[in-house]
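The structure appears below as structure tokens.
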Amino acid sequence: MGTILAQDIPGSTLTIAFQNAEQDSATRKFLVTSTGRADAITTVTNALSTVNHPDNSGLKANRVTAQAVGPARWLVTVQYIRRRIGGIPAGGANLANMRASSEAVEVYCTPDSFEDGLPRGGGGTDFVNPGPPAGQSTDPKSPPRPWVYNRPTLGIAIPFSSATNPITANLGTVSKVNKAEVTLAGVPFPALTLRYDGGEVRSVAPSQGSGVIRYYGTENYTFALGGWHKQVLRWDKDKWKAFNVSAYDTAT
């Protein structure tokens with residue numbers, strides 16, 4: 001095992017990207033006496049008490065390079081990065097990617113009035129494609145036919161970077177909606193309006209040492225204006241009537 005003669009020598013840097021924390025970086029340089037390149041690297045990595053940079057814990061040691069500078073002398077450079085593996089920085093609780101769109105849903109009623117975000121003209125009795133006779137929808141064997149309504153939605157992707165995989169812990173809530181109000185990216189979403197769609201996760205592992213696997217990616221949600229409901233037909237006394245019911249189970 002070699003010996004570190006000096007650390008944080010000239011050439012060591014710390015870079016803070018004020019507009020994009022993922023671009024933060026740092027470089028630490030060590031002068032090492034050792035019999036070989038690999039041993040010089042091992043000497044430095046064993047001396048590091050943590051993968052975190054001493055001046056910024058969000059920066060993680062990523063690449064270590066050894067360069068010969070003389071007989072049994074090595075310049076070992078440790079490069080630190082944040083990106084997604086360094087964790088979400090302080091103040092990043094409101095980070096999110098959002099996309100406004102629409103999602104097709106079958107409904108029956110005219111769009112003269114809305115309920116739960118869906119057309120429900122006539123309180124559920126005015127139909128775009130009514131049944132017989134003469135459009136009165138009073139034949140129990142011939143219900144009204146549906147039409148496709150594009151319900152407004154908002155897709156929300158919340159980034160994460162963690163030593164644990166949050167998606168595996170939330171598998172039981174995929175395709176379920178929020179039972180109570182939830183705040184994402186600083187925006188409150190009322191109960192029954194936010195569907196959890198799972199997410200995408202990637203993982204990176206250290207090449208050596210005592211580091212842990214790091215998981216990063218996004219958890220995805222979809223907000224529906226008026227809530228997540230679907231429209232069903234029921235025979236109500238002497239005619240057909242449309243009712244809005246919950247489309248998904250609620251998360252506990």
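Scheme for the structure tokens: letters A, B, ... for chains in order shown; per-chain residue numbers from 1; ligand numbers from 1 in order shown.
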Open item on the list: Residues of stretch 45-174 of chain A classed as helix (DSSP H, G or I) by DSSP on the backbone are to be reported as a PyMOL selection string.
Closed with: chain A and resi 45-47+121-123+166-169+171-173
Task: Distance query A:Gly226 at most 10 Å, only C-alpha atoms, self and fewer than 6 positions along chain excluded, as a list in words - done: Phe114, Glu115, Asp116, Gly117, Leu118, Arg151, Pro152, Thr153, Pro190, Leu192 and Thr193 of chain A
Task: Polymer residues at most 12 Å from A:Tyr149, only C-alpha atoms, same-chain spacing of 6 or more positions, as a VMD selection string - done: chain A and resid 102 to 111 114 117 to 120 128 230 to 231
Output the selection as a short mmCIF file (atom, residue, chain, number, x, y, z; two decimals), in the first residue's frame - N, CA and C atoms for each residue.
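The resulting file, again.cif, is shown below:
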data_model
loop_
_atom_site.label_atom_id
_atom_site.label_comp_id
_atom_site.auth_asym_id
_atom_site.auth_seq_id
_atom_site.Cartn_x
_atom_site.Cartn_y
_atom_site.Cartn_z
N SER A 102 -54.74 15.02 -22.83
CA SER A 102 -56.10 14.55 -22.64
C SER A 102 -56.11 13.03 -22.72
N GLU A 103 -57.16 12.44 -22.19
CA GLU A 103 -57.29 10.99 -22.18
C GLU A 103 -58.73 10.64 -22.57
N ALA A 104 -58.87 9.78 -23.55
CA ALA A 104 -60.19 9.44 -24.07
C ALA A 104 -60.97 8.59 -23.08
N VAL A 105 -62.25 8.88 -22.94
CA VAL A 105 -63.13 8.11 -22.07
C VAL A 105 -64.52 8.04 -22.71
N GLU A 106 -65.16 6.89 -22.62
CA GLU A 106 -66.50 6.75 -23.18
C GLU A 106 -67.54 7.34 -22.23
N VAL A 107 -68.41 8.17 -22.78
CA VAL A 107 -69.51 8.76 -22.01
C VAL A 107 -70.79 8.66 -22.83
N TYR A 108 -71.89 9.05 -22.23
CA TYR A 108 -73.20 8.94 -22.90
C TYR A 108 -73.91 10.27 -23.02
N CYS A 109 -73.69 11.17 -22.06
CA CYS A 109 -74.52 12.38 -21.97
C CYS A 109 -74.01 13.52 -22.85
N THR A 110 -74.90 14.46 -23.09
CA THR A 110 -74.54 15.67 -23.82
C THR A 110 -73.67 16.56 -22.93
N PRO A 111 -72.80 17.39 -23.54
CA PRO A 111 -71.93 18.27 -22.76
C PRO A 111 -72.60 19.58 -22.36
N PHE A 114 -71.60 19.55 -16.77
CA PHE A 114 -70.55 18.61 -16.39
C PHE A 114 -70.65 18.26 -14.90
N GLY A 117 -66.09 16.15 -13.81
CA GLY A 117 -65.23 16.30 -14.98
C GLY A 117 -65.74 15.64 -16.23
N LEU A 118 -66.96 15.07 -16.21
CA LEU A 118 -67.53 14.39 -17.37
C LEU A 118 -68.84 15.04 -17.80
N PRO A 119 -69.17 14.99 -19.10
CA PRO A 119 -70.47 15.53 -19.54
C PRO A 119 -71.62 14.76 -18.89
N ARG A 120 -72.60 15.50 -18.39
CA ARG A 120 -73.76 14.83 -17.79
C ARG A 120 -75.00 15.70 -17.98
N VAL A 128 -76.27 11.90 -26.21
CA VAL A 128 -75.83 12.25 -27.56
C VAL A 128 -76.38 11.25 -28.56
N LYS A 230 -65.74 7.28 -14.30
CA LYS A 230 -66.23 6.76 -15.57
C LYS A 230 -67.74 6.82 -15.55
N GLN A 231 -68.35 6.71 -16.72
CA GLN A 231 -69.81 6.84 -16.82
C GLN A 231 -70.43 5.48 -17.18
#
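The nearest approach to A:Ala38 among the residues A:Trp74, A:Ile4, A:Ile9, A:His229, with only C-alpha atoms taken into account, belongs to A:Trp74.
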TODO: Once DSSP has gone over the backbone, tell me which residues of stretch 93-220 of chain A are in strand (DSSP E), as a ChimeraX atom specification.
DONE: /A:97-107,114-115,118-119,147-162,182-184,187-189,194-204,214-220
Task: Residue contacts of stretch 162-164 of chain A (7 Å, only C-alpha atoms) excluding same-chain residues fewer than 6 positions away, as a PyMOL selection string - done: chain A and resi 87+212-216
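Distance check against A:Arg37 using only C-alpha atoms: of A:Thr15, A:Asn56, A:Thr77, A:Asn62, the minimum falls on A:Thr77.
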Open item on the list: If we count only C-alpha atoms and set the cut-off at 8 Å, which residues sit around A:Asn94, ignoring sequence neighbours fewer than 5 positions away in its own chain? Please answer as a ChimeraX atom specification.
Closed with: /A:184-186
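The shell of residues at most 8 Å from A:Ala26, with only C-alpha atoms counted and near chain neighbours (fewer than 6 positions) removed, consists of Ser12, Thr13, Leu14, Thr15, His53, Leu59, Gln79, Tyr80 and Ile81 of chain A.
Counting from atom CA of A:Pro144, the distance to atom CA of A:Val245 is 17.6 Å.
Nearest residue to A:Gln7 among A:Leu171, A:Val187, A:Val78, A:Met98 is A:Val78, counting only C-alpha atoms.
Distance-wise, atom CA of A:Thr173 and atom CA of A:Ala205 end up 27.6 Å apart.
Minimum atom-to-atom distances from A:Ala68, A:Ala191, A:Ile156, A:Val44 to A:Leu95 were compared using only C-alpha atoms, and the lowest value belongs to A:Ile156.
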Open item on the list: Let me make sure I understand: among A:Glu181, A:Asp24, A:Glu200, A:Asp139, which one has the smallest atom-to-atom distance to A:Ile167 if we use only C-alpha atoms?
Closed with: A:Glu200
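Among the candidates A:Gly172, A:Gly198, A:Pro130, A:Gly36, the one nearest to A:Ala66 when counting only C-alpha atoms is A:Gly36.
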Task: Two-atom distance - atom CA of A:Gly217, atom CA of A:Ser203 (Å) - done: 8.6 Å
